[in-house]
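The next block is structure10.cif, given as mmCIF, C-alpha atoms.
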data_coords
#
loop_
_atom_site.group_PDB
_atom_site.id
_atom_site.type_symbol
_atom_site.label_atom_id
_atom_site.label_comp_id
_atom_site.auth_asym_id
_atom_site.auth_seq_id
_atom_site.Cartn_x
_atom_site.Cartn_y
_atom_site.Cartn_z
ATOM 1 C CA MET A 959 -11.973 -7.921 18.883
ATOM 2 C CA VAL A 960 -11.274 -4.614 17.105
ATOM 3 C CA LEU A 961 -9.624 -3.848 13.781
ATOM 4 C CA PRO A 962 -5.976 -2.798 14.316
ATOM 5 C CA LEU A 963 -5.031 0.458 12.578
ATOM 6 C CA VAL A 964 -1.463 1.738 12.252
ATOM 7 C CA TYR A 965 -0.686 5.446 11.915
ATOM 8 C CA HIS A 966 1.911 8.089 12.764
ATOM 9 C CA PRO A 967 1.397 11.885 12.811
ATOM 10 C CA SER A 968 4.587 12.408 10.795
ATOM 11 C CA TYR A 969 2.921 10.841 7.738
ATOM 12 C CA SER A 970 1.560 14.294 6.917
ATOM 13 C CA TYR A 971 3.589 17.479 7.282
ATOM 14 C CA ASP A 972 3.627 21.007 5.841
ATOM 15 C CA PHE A 973 3.851 20.488 2.099
ATOM 16 C CA PRO A 974 3.027 22.528 -1.018
ATOM 17 C CA ASP A 975 -0.746 22.426 -1.500
ATOM 18 C CA GLN A 976 -0.420 22.679 -5.265
ATOM 19 C CA HIS A 977 1.738 19.553 -5.545
ATOM 20 C CA ARG A 978 0.119 16.557 -7.233
ATOM 21 C CA PHE A 979 1.011 14.348 -4.274
ATOM 22 C CA ALA A 980 -1.477 14.955 -1.450
ATOM 23 C CA MET A 981 0.772 14.714 1.601
ATOM 24 C CA VAL A 982 -2.129 15.813 3.804
ATOM 25 C CA LYS A 983 -4.260 12.810 2.834
ATOM 26 C CA PHE A 984 -2.800 10.596 5.559
ATOM 27 C CA ARG A 985 -3.886 12.979 8.298
ATOM 28 C CA TYR A 986 -7.263 13.486 6.662
ATOM 29 C CA LEU A 987 -7.712 9.703 6.440
ATOM 30 C CA TYR A 988 -6.970 9.324 10.141
ATOM 31 C CA GLU A 989 -9.273 12.221 11.058
ATOM 32 C CA PHE A 990 -12.110 10.841 8.929
ATOM 33 C CA LEU A 991 -11.830 7.407 10.556
ATOM 34 C CA ARG A 992 -11.704 9.017 13.983
ATOM 35 C CA GLN A 993 -14.849 11.035 13.204
ATOM 36 C CA GLN A 994 -16.558 7.827 12.097
ATOM 37 C CA GLY A 995 -15.622 6.100 15.348
ATOM 38 C CA VAL A 996 -13.425 3.601 13.481
ATOM 39 C CA ALA A 997 -10.072 4.889 14.784
ATOM 40 C CA ARG A 998 -10.100 4.782 18.573
ATOM 41 C CA ALA A 999 -7.526 4.605 21.339
ATOM 42 C CA GLU A 1000 -8.009 0.858 21.777
ATOM 43 C CA ASN A 1001 -7.290 -0.087 18.156
ATOM 44 C CA LEU A 1002 -4.755 2.562 17.092
ATOM 45 C CA TYR A 1003 -1.078 1.659 16.952
ATOM 46 C CA ARG A 1004 1.722 4.145 16.338
ATOM 47 C CA SER A 1005 4.498 3.038 14.045
ATOM 48 C CA GLY A 1006 8.125 3.769 14.862
ATOM 49 C CA PRO A 1007 11.271 4.076 12.733
ATOM 50 C CA CYS A 1008 11.857 0.956 10.688
ATOM 51 C CA LEU A 1009 14.656 -1.248 11.996
ATOM 52 C CA SER A 1010 17.889 -0.931 10.049
ATOM 53 C CA LYS A 1011 18.147 -4.700 9.566
ATOM 54 C CA TRP A 1012 14.799 -4.677 7.769
ATOM 55 C CA LEU A 1013 15.688 -1.710 5.572
ATOM 56 C CA VAL A 1014 19.068 -3.032 4.415
ATOM 57 C CA ALA A 1015 17.484 -6.326 3.390
ATOM 58 C CA ALA A 1016 15.593 -4.434 0.692
ATOM 59 C CA HIS A 1017 17.654 -1.282 0.076
ATOM 60 C CA CYS A 1018 21.219 -0.222 -0.626
ATOM 61 C CA PRO A 1019 22.924 1.181 2.522
ATOM 62 C CA ASP A 1020 24.492 4.007 0.507
ATOM 63 C CA TYR A 1021 21.110 5.025 -0.846
ATOM 64 C CA LEU A 1022 19.603 4.917 2.643
ATOM 65 C CA GLN A 1023 22.335 7.261 3.854
ATOM 66 C CA ARG A 1024 21.781 9.710 0.976
ATOM 67 C CA LEU A 1025 18.062 9.728 1.654
ATOM 68 C CA ARG A 1026 18.563 10.229 5.372
ATOM 69 C CA THR A 1027 21.060 13.087 4.993
ATOM 70 C CA GLY A 1028 19.536 14.883 2.020
ATOM 71 C CA THR A 1029 22.484 14.212 -0.292
ATOM 72 C CA LEU A 1030 20.461 12.779 -3.162
ATOM 73 C CA SER A 1031 21.569 13.921 -6.584
ATOM 74 C CA LYS A 1032 19.391 16.253 -8.656
ATOM 75 C CA LYS A 1033 18.557 13.308 -10.897
ATOM 76 C CA GLU A 1034 17.472 11.250 -7.887
ATOM 77 C CA VAL A 1035 15.247 14.056 -6.591
ATOM 78 C CA ARG A 1036 13.744 14.482 -10.048
ATOM 79 C CA GLU A 1037 12.937 10.762 -10.283
ATOM 80 C CA LEU A 1038 11.427 10.859 -6.790
ATOM 81 C CA GLY A 1039 9.131 13.739 -7.730
ATOM 82 C CA LEU A 1040 9.059 15.169 -4.182
ATOM 83 C CA PRO A 1041 11.238 17.889 -2.650
ATOM 84 C CA TRP A 1042 13.621 16.464 -0.065
ATOM 85 C CA SER A 1043 13.245 17.713 3.496
ATOM 86 C CA GLU A 1044 13.987 16.435 6.981
ATOM 87 C CA ASN A 1045 10.263 15.794 7.360
ATOM 88 C CA LEU A 1046 10.209 13.708 4.188
ATOM 89 C CA ALA A 1047 13.173 11.669 5.408
ATOM 90 C CA ARG A 1048 11.560 11.202 8.814
ATOM 91 C CA ARG A 1049 8.269 9.894 7.422
ATOM 92 C CA SER A 1050 10.091 7.757 4.865
ATOM 93 C CA PHE A 1051 11.953 5.849 7.562
ATOM 94 C CA ILE A 1052 8.849 5.444 9.743
ATOM 95 C CA SER A 1053 6.312 4.316 7.147
ATOM 96 C CA PRO A 1054 7.951 0.952 6.271
ATOM 97 C CA GLY A 1055 8.041 0.157 9.973
ATOM 98 C CA GLY A 1056 4.325 0.867 10.017
ATOM 99 C CA THR A 1057 3.689 -1.711 7.314
ATOM 100 C CA VAL A 1058 5.787 -4.280 9.180
ATOM 101 C CA LEU A 1059 3.796 -3.557 12.334
ATOM 102 C CA THR A 1060 0.562 -3.915 10.371
ATOM 103 C CA ALA A 1061 1.685 -7.305 9.087
ATOM 104 C CA LEU A 1062 2.600 -8.467 12.582
ATOM 105 C CA LEU A 1063 -0.820 -7.357 13.844
ATOM 106 C CA ALA A 1064 -2.499 -9.152 10.947
ATOM 107 C CA MET A 1065 -0.748 -12.368 11.974
ATOM 108 C CA GLN A 1066 -2.256 -11.941 15.445
ATOM 109 C CA ARG A 1067 -5.723 -10.652 14.534
ATOM 110 C CA GLY A 1068 -6.372 -11.873 10.980
ATOM 111 C CA ILE A 1069 -6.753 -8.392 9.465
ATOM 112 C CA ALA A 1070 -4.904 -5.117 10.070
ATOM 113 C CA CYS A 1071 -4.767 -1.845 8.130
ATOM 114 C CA HIS A 1072 -1.972 0.680 7.675
ATOM 115 C CA LEU A 1073 -3.142 4.253 7.077
ATOM 116 C CA ALA A 1074 -0.212 4.757 4.701
ATOM 117 C CA GLY A 1075 2.127 2.525 2.688
ATOM 118 C CA GLY A 1076 2.101 1.056 -0.780
ATOM 119 C CA THR A 1077 5.269 2.864 -1.932
ATOM 120 C CA HIS A 1078 5.907 0.253 -4.571
ATOM 121 C CA HIS A 1079 7.974 2.299 -7.070
ATOM 122 C CA ALA A 1080 11.031 2.597 -4.822
ATOM 123 C CA HIS A 1081 13.899 0.401 -6.030
ATOM 124 C CA TYR A 1082 16.862 -1.129 -4.233
ATOM 125 C CA ASP A 1083 19.077 1.913 -4.741
ATOM 126 C CA LYS A 1084 16.800 4.745 -5.827
ATOM 127 C CA ALA A 1085 13.518 6.548 -5.319
ATOM 128 C CA SER A 1086 10.871 6.784 -8.007
ATOM 129 C CA GLY A 1087 7.335 8.017 -8.539
ATOM 130 C CA PHE A 1088 6.769 9.677 -5.127
ATOM 131 C CA CYS A 1089 8.199 6.585 -3.377
ATOM 132 C CA CYS A 1090 11.339 6.779 -1.216
ATOM 133 C CA LEU A 1091 11.450 3.330 0.376
ATOM 134 C CA ASN A 1092 9.575 0.212 -0.653
ATOM 135 C CA ASP A 1093 7.515 -0.758 2.376
ATOM 136 C CA LEU A 1094 6.018 -3.799 0.639
ATOM 137 C CA ALA A 1095 9.392 -5.346 -0.149
ATOM 138 C CA VAL A 1096 10.768 -4.406 3.279
ATOM 139 C CA THR A 1097 7.777 -5.997 4.991
ATOM 140 C CA ALA A 1098 7.763 -9.161 2.889
ATOM 141 C CA LEU A 1099 11.419 -9.815 3.697
ATOM 142 C CA ALA A 1100 10.989 -8.949 7.376
ATOM 143 C CA MET A 1101 7.972 -11.217 7.743
ATOM 144 C CA LEU A 1102 9.726 -14.113 6.031
ATOM 145 C CA GLU A 1103 12.128 -14.066 8.976
ATOM 146 C CA GLN A 1104 9.226 -14.682 11.363
ATOM 147 C CA PRO A 1105 8.447 -18.218 12.578
ATOM 148 C CA GLY A 1106 5.728 -19.937 10.588
ATOM 149 C CA ILE A 1107 5.866 -17.619 7.574
ATOM 150 C CA ASN A 1108 7.262 -19.399 4.550
ATOM 151 C CA ARG A 1109 5.423 -17.665 1.700
ATOM 152 C CA VAL A 1110 4.181 -14.081 1.337
ATOM 153 C CA LEU A 1111 1.883 -12.848 -1.423
ATOM 154 C CA ILE A 1112 1.949 -9.183 -2.402
ATOM 155 C CA PHE A 1113 -1.339 -8.480 -4.180
ATOM 156 C CA ASP A 1114 -1.025 -5.025 -5.719
ATOM 157 C CA CYS A 1115 -4.136 -3.338 -7.154
ATOM 158 C CA ASP A 1116 -2.668 0.135 -7.532
ATOM 159 C CA VAL A 1117 -3.279 1.448 -11.062
ATOM 160 C CA HIS A 1118 0.491 1.669 -11.596
ATOM 161 C CA GLN A 1119 2.724 -1.389 -11.779
ATOM 162 C CA GLY A 1120 4.630 -2.243 -8.616
ATOM 163 C CA ASP A 1121 7.909 -2.119 -10.481
ATOM 164 C CA GLY A 1122 10.188 -1.507 -7.520
ATOM 165 C CA THR A 1123 8.639 -4.337 -5.530
ATOM 166 C CA ALA A 1124 9.031 -6.731 -8.452
ATOM 167 C CA ALA A 1125 12.672 -5.767 -8.996
ATOM 168 C CA ILE A 1126 13.713 -5.980 -5.339
ATOM 169 C CA LEU A 1127 12.074 -9.377 -4.831
ATOM 170 C CA SER A 1128 12.895 -10.838 -8.244
ATOM 171 C CA GLU A 1129 15.351 -13.411 -6.869
ATOM 172 C CA ARG A 1130 13.088 -14.596 -4.060
ATOM 173 C CA ASP A 1131 10.995 -17.731 -4.418
ATOM 174 C CA ASP A 1132 9.176 -17.114 -1.129
ATOM 175 C CA ALA A 1133 7.841 -13.615 -1.917
ATOM 176 C CA TYR A 1134 5.321 -13.720 -4.741
ATOM 177 C CA THR A 1135 4.504 -10.418 -6.460
ATOM 178 C CA CYS A 1136 1.272 -9.853 -8.376
ATOM 179 C CA SER A 1137 0.465 -6.501 -9.980
ATOM 180 C CA ILE A 1138 -2.846 -5.607 -11.639
ATOM 181 C CA HIS A 1139 -2.316 -2.256 -13.327
ATOM 182 C CA CYS A 1140 -3.124 -0.159 -16.372
ATOM 183 C CA GLU A 1141 -0.629 -1.297 -18.978
ATOM 184 C CA LYS A 1142 -0.142 2.100 -20.617
ATOM 185 C CA ASN A 1143 0.449 3.981 -17.383
ATOM 186 C CA PHE A 1144 3.539 4.812 -15.313
ATOM 187 C CA PRO A 1145 6.157 3.414 -15.198
ATOM 188 C CA VAL A 1146 6.996 3.350 -18.878
ATOM 189 C CA ARG A 1147 9.599 0.664 -18.292
ATOM 190 C CA LYS A 1148 7.872 -2.195 -16.501
ATOM 191 C CA GLN A 1149 9.606 -4.806 -14.372
ATOM 192 C CA ARG A 1150 8.622 -8.455 -14.296
ATOM 193 C CA SER A 1151 6.454 -9.438 -11.338
ATOM 194 C CA ASN A 1152 5.708 -13.085 -10.709
ATOM 195 C CA LEU A 1153 2.342 -12.269 -12.238
ATOM 196 C CA ASP A 1154 1.514 -9.091 -14.145
ATOM 197 C CA VAL A 1155 -1.965 -8.286 -15.411
ATOM 198 C CA GLY A 1156 -2.022 -5.270 -17.701
ATOM 199 C CA LEU A 1157 -5.403 -3.562 -18.002
ATOM 200 C CA ALA A 1158 -6.704 -1.618 -20.981
ATOM 201 C CA ASP A 1159 -7.389 2.100 -20.565
ATOM 202 C CA GLY A 1160 -10.942 2.885 -19.488
ATOM 203 C CA ILE A 1161 -11.708 -0.510 -17.965
ATOM 204 C CA GLU A 1162 -14.980 -0.494 -16.014
ATOM 205 C CA ASP A 1163 -16.298 -2.229 -12.925
ATOM 206 C CA GLU A 1164 -17.508 -5.624 -14.091
ATOM 207 C CA ALA A 1165 -14.544 -6.492 -16.271
ATOM 208 C CA TYR A 1166 -12.136 -5.190 -13.655
ATOM 209 C CA LEU A 1167 -13.707 -7.071 -10.759
ATOM 210 C CA GLU A 1168 -13.762 -10.303 -12.736
ATOM 211 C CA ILE A 1169 -10.029 -9.927 -13.396
ATOM 212 C CA VAL A 1170 -9.257 -9.102 -9.759
ATOM 213 C CA ALA A 1171 -11.262 -12.069 -8.475
ATOM 214 C CA SER A 1172 -9.847 -14.627 -10.900
ATOM 215 C CA THR A 1173 -6.286 -13.349 -10.506
ATOM 216 C CA LEU A 1174 -6.475 -13.479 -6.732
ATOM 217 C CA GLN A 1175 -7.832 -17.027 -6.733
ATOM 218 C CA ARG A 1176 -5.044 -18.047 -9.090
ATOM 219 C CA CYS A 1177 -2.451 -16.513 -6.762
ATOM 220 C CA LEU A 1178 -3.900 -18.077 -3.635
ATOM 221 C CA ASP A 1179 -4.053 -21.515 -5.267
ATOM 222 C CA ARG A 1180 -0.524 -21.263 -6.634
ATOM 223 C CA VAL A 1181 1.267 -19.602 -3.728
ATOM 224 C CA ARG A 1182 -0.659 -20.828 -0.677
ATOM 225 C CA PRO A 1183 0.702 -17.874 1.282
ATOM 226 C CA ASP A 1184 1.021 -17.580 5.030
ATOM 227 C CA LEU A 1185 0.412 -13.824 4.729
ATOM 228 C CA VAL A 1186 -1.049 -11.476 2.123
ATOM 229 C CA LEU A 1187 0.032 -7.843 1.746
ATOM 230 C CA TYR A 1188 -2.728 -6.007 -0.120
ATOM 231 C CA ASP A 1189 -2.067 -2.693 -1.855
ATOM 232 C CA ALA A 1190 -5.538 -1.163 -2.128
ATOM 233 C CA GLY A 1191 -4.621 1.756 -4.369
ATOM 234 C CA VAL A 1192 -7.623 3.937 -5.244
ATOM 235 C CA ASP A 1193 -6.069 5.499 -8.343
ATOM 236 C CA VAL A 1194 -8.178 3.141 -10.472
ATOM 237 C CA TYR A 1195 -11.089 5.422 -9.556
ATOM 238 C CA THR A 1196 -12.768 7.047 -12.529
ATOM 239 C CA ALA A 1197 -11.984 10.632 -11.454
ATOM 240 C CA ASP A 1198 -8.350 10.032 -10.548
ATOM 241 C CA PRO A 1199 -6.177 12.307 -12.712
ATOM 242 C CA LEU A 1200 -3.324 9.770 -12.882
ATOM 243 C CA GLY A 1201 -5.429 6.658 -13.314
ATOM 244 C CA ARG A 1202 -6.637 5.918 -16.868
ATOM 245 C CA ALA A 1203 -9.191 3.450 -15.441
ATOM 246 C CA ASN A 1204 -12.919 3.945 -14.953
ATOM 247 C CA ILE A 1205 -13.821 2.246 -11.672
ATOM 248 C CA SER A 1206 -16.735 3.617 -9.648
ATOM 249 C CA TRP A 1207 -16.872 4.200 -5.900
ATOM 250 C CA GLN A 1208 -19.032 1.084 -5.608
ATOM 251 C CA GLY A 1209 -16.469 -0.765 -7.701
ATOM 252 C CA LEU A 1210 -13.757 0.118 -5.185
ATOM 253 C CA GLU A 1211 -15.953 -1.126 -2.342
ATOM 254 C CA ARG A 1212 -16.685 -4.381 -4.150
ATOM 255 C CA ARG A 1213 -13.011 -4.890 -5.014
ATOM 256 C CA ASP A 1214 -11.816 -4.472 -1.442
ATOM 257 C CA ARG A 1215 -14.620 -6.637 -0.114
ATOM 258 C CA LEU A 1216 -13.902 -9.488 -2.517
ATOM 259 C CA VAL A 1217 -10.144 -9.399 -1.899
ATOM 260 C CA LEU A 1218 -10.495 -9.363 1.875
ATOM 261 C CA ARG A 1219 -13.177 -12.035 1.896
ATOM 262 C CA ALA A 1220 -11.359 -14.378 -0.493
ATOM 263 C CA VAL A 1221 -8.215 -14.243 1.637
ATOM 264 C CA ARG A 1222 -9.978 -14.596 4.982
ATOM 265 C CA GLU A 1223 -12.148 -17.476 3.726
ATOM 266 C CA ARG A 1224 -8.885 -19.411 3.610
ATOM 267 C CA ALA A 1225 -7.975 -18.182 7.104
ATOM 268 C CA ILE A 1226 -4.930 -16.336 5.746
ATOM 269 C CA PRO A 1227 -3.874 -13.138 7.561
ATOM 270 C CA ILE A 1228 -4.044 -9.995 5.423
ATOM 271 C CA ALA A 1229 -2.404 -6.604 5.966
ATOM 272 C CA THR A 1230 -3.595 -3.653 3.887
ATOM 273 C CA VAL A 1231 -1.843 -0.476 2.726
ATOM 274 C CA ILE A 1232 -3.543 2.444 1.015
ATOM 275 C CA GLY A 1233 -1.393 2.797 -2.106
ATOM 276 C CA GLY A 1234 -1.879 5.528 -4.676
ATOM 277 C CA GLY A 1235 -4.676 8.006 -5.082
ATOM 278 C CA TYR A 1236 -4.819 11.574 -6.397
ATOM 279 C CA ASP A 1237 -7.406 14.335 -6.256
ATOM 280 C CA ASP A 1238 -7.404 18.094 -5.719
ATOM 281 C CA ASP A 1239 -10.223 17.490 -3.241
ATOM 282 C CA ARG A 1240 -8.085 16.025 -0.476
ATOM 283 C CA TRP A 1241 -11.022 15.123 1.790
ATOM 284 C CA GLN A 1242 -12.732 13.144 -0.945
ATOM 285 C CA LEU A 1243 -9.467 11.356 -1.591
ATOM 286 C CA ALA A 1244 -9.134 10.464 2.087
ATOM 287 C CA ARG A 1245 -12.662 9.026 2.040
ATOM 288 C CA ARG A 1246 -11.707 6.815 -0.904
ATOM 289 C CA HIS A 1247 -8.673 5.555 0.962
ATOM 290 C CA ALA A 1248 -10.959 4.778 3.919
ATOM 291 C CA ILE A 1249 -12.914 2.252 1.861
ATOM 292 C CA VAL A 1250 -10.505 -0.614 2.489
ATOM 293 C CA VAL A 1251 -10.609 0.065 6.244
ATOM 294 C CA GLN A 1252 -14.407 0.162 6.236
ATOM 295 C CA GLN A 1253 -14.583 -3.094 4.299
ATOM 296 C CA ALA A 1254 -12.065 -4.737 6.618
ATOM 297 C CA LEU A 1255 -14.102 -3.683 9.637
ATOM 298 C CA ALA A 1256 -17.312 -5.010 8.091
ATOM 299 C CA LEU A 1257 -15.665 -8.350 7.348
ATOM 300 C CA LEU A 1258 -14.251 -8.573 10.861
ATOM 301 C CA HIS A 1259 -17.757 -8.071 12.233
ATOM 302 C CA GLU A 1260 -19.007 -10.858 9.937
ATOM 303 C CA GLU A 1261 -16.321 -13.203 11.215
ATOM 304 C CA LEU A 1262 -17.140 -12.399 14.826
ATOM 305 C CA ALA A 1263 -20.871 -12.935 14.209
ATOM 306 C CA ALA A 1264 -20.164 -16.286 12.579
ATOM 307 C CA ARG A 1265 -18.294 -17.438 15.698
ATOM 308 C CA ALA A 1266 -21.053 -16.347 18.070
#
So that I can check it, write out the structure of this file as structure tokens.
Amino acid sequence: MVLPLVYHPSYSYDFPDQHRFAMVKFRYLYEFLRQQGVARAENLYRSGPCLSKWLVAAHCPDYLQRLRTGTLSKKEVRELGLPWSENLARRSFISPGGTVLTALLAMQRGIACHLAGGTHHAHYDKASGFCCLNDLAVTALAMLEQPGINRVLIFDCDVHQGDGTAAILSERDDAYTCSIHCEKNFPVRKQRSNLDVGLADGIEDEAYLEIVASTLQRCLDRVRPDLVLYDAGVDVYTADPLGRANISWQGLERRDRLVLRAVRERAIPIATVIGGGYDDDRWQLARRHAIVVQQALALLHEELAARA
């Protein structure tokens, strides 16, 4: 059995190099994993445009039309933080479908990884913080329509609160949102997740990992989910310019390993998305985003060895 990876070439397109958002990181992530022999023809899946029925369950149809046609207001573009283009619209409507596909593959294989996703700031009727559409909310609602899925846990370890996800799913009892984030970071106005854990600026590995582990166990005990969506944001890394946390490379590896292992020890399927991460060195950033894939692959090998 191989680790399913989901990717689409449209995730990266020609984009201003000087922009804070590293649009090229998705392609670099794919290329790095291909160079490492992790991404291969037999385990690579290409996402397609997200089905309309899934999108409208999480987003306002009028907003979807404005995003698709480039008729967002100046205020909306400013809140998004990215220049609108046909390429942006194209990738925005494909990426949520990629997270849904990743979740479906996770249900079949136990673990699957999306080489994008984690756009958790997008709200029902607006973009925010580099996020056009909320793939986590879209996927949770789509998967809850699948047979045998009654509860979904969104475990969000991006350094920024998953405010859009919390707001979109606030009325749902079957989609549980947990966000572990730096309290004094974006967004200024927080939403209420089912469980929010605000971290102090400058938190380091041991304290952080203890919080992640205990919070995850609490969520798993309380929710007993049929599926976990894991946002493995790397903007908690010590050198991330938008982070305010102080987590080492080894800390990221340990975090992803403990999350994946804790979920799989209960035989719960888990789908991962890469979430946020920022660095002027785009290749280094891509390598950080690869950590969750590497840890998932290592765990899959452990599971296969245990069955042998």
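When the PyMOL selection byres ((chain A and resi 1100-1106) around 10) is evaluated against the file, it yields A:Leu1009, A:Lys1011, A:Trp1012, A:Leu1013, A:Ala1015, A:Ala1016, A:Gly1055, A:Val1058, A:Leu1059, A:Ala1061, A:Leu1062, A:Met1065, A:Leu1094, A:Ala1095, A:Val1096, A:Thr1097, A:Ala1098, A:Leu1099, A:Ile1107, A:Asn1108, A:Arg1109, A:Val1110, A:Asp1132, A:Ala1133, A:Asp1184, A:Leu1185.
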Q: Using only C-alpha atoms, find the one residue out of A:Ala1085, A:Leu961, A:Lys1148, A:Leu1073 that sits nearest to Leu987 of chain A.
A: A:Leu1073
Would you kindly return, as a compact mmCIF listing (two decimals) with C-alpha atoms, keeping the file's coordinate frame, each protein, DNA or RNA residue with an atom no farther than 12 Å from any atom of Phe990 of chain A, considering all atoms listed in the file and excluding same-chain residues fewer than 4 positions away?
# COMPACT_ATOMS: atom_id res chain seq x y z
CA LYS A 983 -4.26 12.81 2.83
CA PHE A 984 -2.80 10.60 5.56
CA ARG A 985 -3.89 12.98 8.30
CA TYR A 986 -7.26 13.49 6.66
CA GLN A 994 -16.56 7.83 12.10
CA GLY A 995 -15.62 6.10 15.35
CA VAL A 996 -13.42 3.60 13.48
CA ALA A 997 -10.07 4.89 14.78
CA ARG A 998 -10.10 4.78 18.57
CA LEU A 1073 -3.14 4.25 7.08
CA ARG A 1240 -8.09 16.02 -0.48
CA TRP A 1241 -11.02 15.12 1.79
CA GLN A 1242 -12.73 13.14 -0.94
CA LEU A 1243 -9.47 11.36 -1.59
CA ALA A 1244 -9.13 10.46 2.09
CA ARG A 1245 -12.66 9.03 2.04
CA ARG A 1246 -11.71 6.82 -0.90
CA HIS A 1247 -8.67 5.56 0.96
CA ALA A 1248 -10.96 4.78 3.92
CA ILE A 1249 -12.91 2.25 1.86
CA VAL A 1251 -10.61 0.06 6.24
CA GLN A 1252 -14.41 0.16 6.24
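Atom CA of Glu1261 of chain A is found 14.4 Å from atom CA of Ala1064 of chain A.
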Q: Report the distance between atom CA of Glu1000 of chain A and atom CA of Tyr965 of chain A in Å, rounded to one decimal place.
A: 13.1 Å
Q: Report the residues retrieved by the PyMOL selection byres ((chain A and resi 1124) around 9) from the displayed file, expressed as a VMD selection string.
A: chain A and resid 1078 1081 1095 1119 to 1123 1125 to 1128 1134 to 1137 1149 to 1152
Please produce a file of the residues just selected, as an mmCIF file, in the frame of the given file, where the atoms kept are C-alpha atoms.
data_model
loop_
_atom_site.group_PDB
_atom_site.id
_atom_site.type_symbol
_atom_site.label_atom_id
_atom_site.label_comp_id
_atom_site.auth_asym_id
_atom_site.auth_seq_id
_atom_site.Cartn_x
_atom_site.Cartn_y
_atom_site.Cartn_z
ATOM 1 C CA HIS A 1078 5.907 0.253 -4.571
ATOM 2 C CA HIS A 1081 13.899 0.401 -6.030
ATOM 3 C CA ALA A 1095 9.392 -5.346 -0.149
ATOM 4 C CA GLN A 1119 2.724 -1.389 -11.779
ATOM 5 C CA GLY A 1120 4.630 -2.243 -8.616
ATOM 6 C CA ASP A 1121 7.909 -2.119 -10.481
ATOM 7 C CA GLY A 1122 10.188 -1.507 -7.520
ATOM 8 C CA THR A 1123 8.639 -4.337 -5.530
ATOM 9 C CA ALA A 1125 12.672 -5.767 -8.996
ATOM 10 C CA ILE A 1126 13.713 -5.980 -5.339
ATOM 11 C CA LEU A 1127 12.074 -9.377 -4.831
ATOM 12 C CA SER A 1128 12.895 -10.838 -8.244
ATOM 13 C CA TYR A 1134 5.321 -13.720 -4.741
ATOM 14 C CA THR A 1135 4.504 -10.418 -6.460
ATOM 15 C CA CYS A 1136 1.272 -9.853 -8.376
ATOM 16 C CA SER A 1137 0.465 -6.501 -9.980
ATOM 17 C CA GLN A 1149 9.606 -4.806 -14.372
ATOM 18 C CA ARG A 1150 8.622 -8.455 -14.296
ATOM 19 C CA SER A 1151 6.454 -9.438 -11.338
ATOM 20 C CA ASN A 1152 5.708 -13.085 -10.709
#
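Candidate residues A:Tyr1003, A:Trp1207, A:Tyr969, A:Tyr1166 were compared for distance to Arg1049 of chain A, and the nearest is A:Tyr969, using all atoms listed in the file.
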Completion step: segment 1125-1136 of chain A with N, CA and C atoms as an mmCIF file, keeping the file's coordinate frame:
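Resulting contents of selection-v4.cif:
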data_model
loop_
_atom_site.group_PDB
_atom_site.id
_atom_site.type_symbol
_atom_site.label_atom_id
_atom_site.label_comp_id
_atom_site.auth_asym_id
_atom_site.auth_seq_id
_atom_site.Cartn_x
_atom_site.Cartn_y
_atom_site.Cartn_z
ATOM 1 N N ALA A 1125 11.226 -5.723 -8.792
ATOM 2 C CA ALA A 1125 12.672 -5.767 -8.996
ATOM 3 C C ALA A 1125 13.405 -6.204 -7.732
ATOM 4 N N ILE A 1126 13.022 -5.659 -6.589
ATOM 5 C CA ILE A 1126 13.713 -5.980 -5.339
ATOM 6 C C ILE A 1126 13.551 -7.454 -4.977
ATOM 7 N N LEU A 1127 12.373 -8.006 -5.247
ATOM 8 C CA LEU A 1127 12.074 -9.377 -4.831
ATOM 9 C C LEU A 1127 12.236 -10.389 -5.957
ATOM 10 N N SER A 1128 12.847 -9.984 -7.057
ATOM 11 C CA SER A 1128 12.895 -10.838 -8.244
ATOM 12 C C SER A 1128 13.633 -12.155 -8.036
ATOM 13 N N GLU A 1129 14.575 -12.189 -7.106
ATOM 14 C CA GLU A 1129 15.351 -13.411 -6.869
ATOM 15 C C GLU A 1129 14.780 -14.270 -5.751
ATOM 16 N N ARG A 1130 13.665 -13.861 -5.187
ATOM 17 C CA ARG A 1130 13.088 -14.596 -4.060
ATOM 18 C C ARG A 1130 11.977 -15.527 -4.540
ATOM 19 N N ASP A 1131 12.048 -16.773 -4.102
ATOM 20 C CA ASP A 1131 10.995 -17.731 -4.418
ATOM 21 C C ASP A 1131 9.879 -17.718 -3.380
ATOM 22 N N ASP A 1132 10.145 -17.085 -2.222
ATOM 23 C CA ASP A 1132 9.176 -17.114 -1.129
ATOM 24 C C ASP A 1132 8.362 -15.837 -1.017
ATOM 25 N N ALA A 1133 8.626 -14.853 -1.871
ATOM 26 C CA ALA A 1133 7.841 -13.615 -1.917
ATOM 27 C C ALA A 1133 7.272 -13.482 -3.319
ATOM 28 N N TYR A 1134 5.982 -13.684 -3.436
ATOM 29 C CA TYR A 1134 5.321 -13.720 -4.741
ATOM 30 C C TYR A 1134 4.668 -12.367 -5.005
ATOM 31 N N THR A 1135 5.021 -11.742 -6.125
ATOM 32 C CA THR A 1135 4.504 -10.418 -6.460
ATOM 33 C C THR A 1135 3.480 -10.519 -7.579
ATOM 34 N N CYS A 1136 2.315 -9.932 -7.352
ATOM 35 C CA CYS A 1136 1.272 -9.853 -8.376
ATOM 36 C C CYS A 1136 0.835 -8.402 -8.503
#
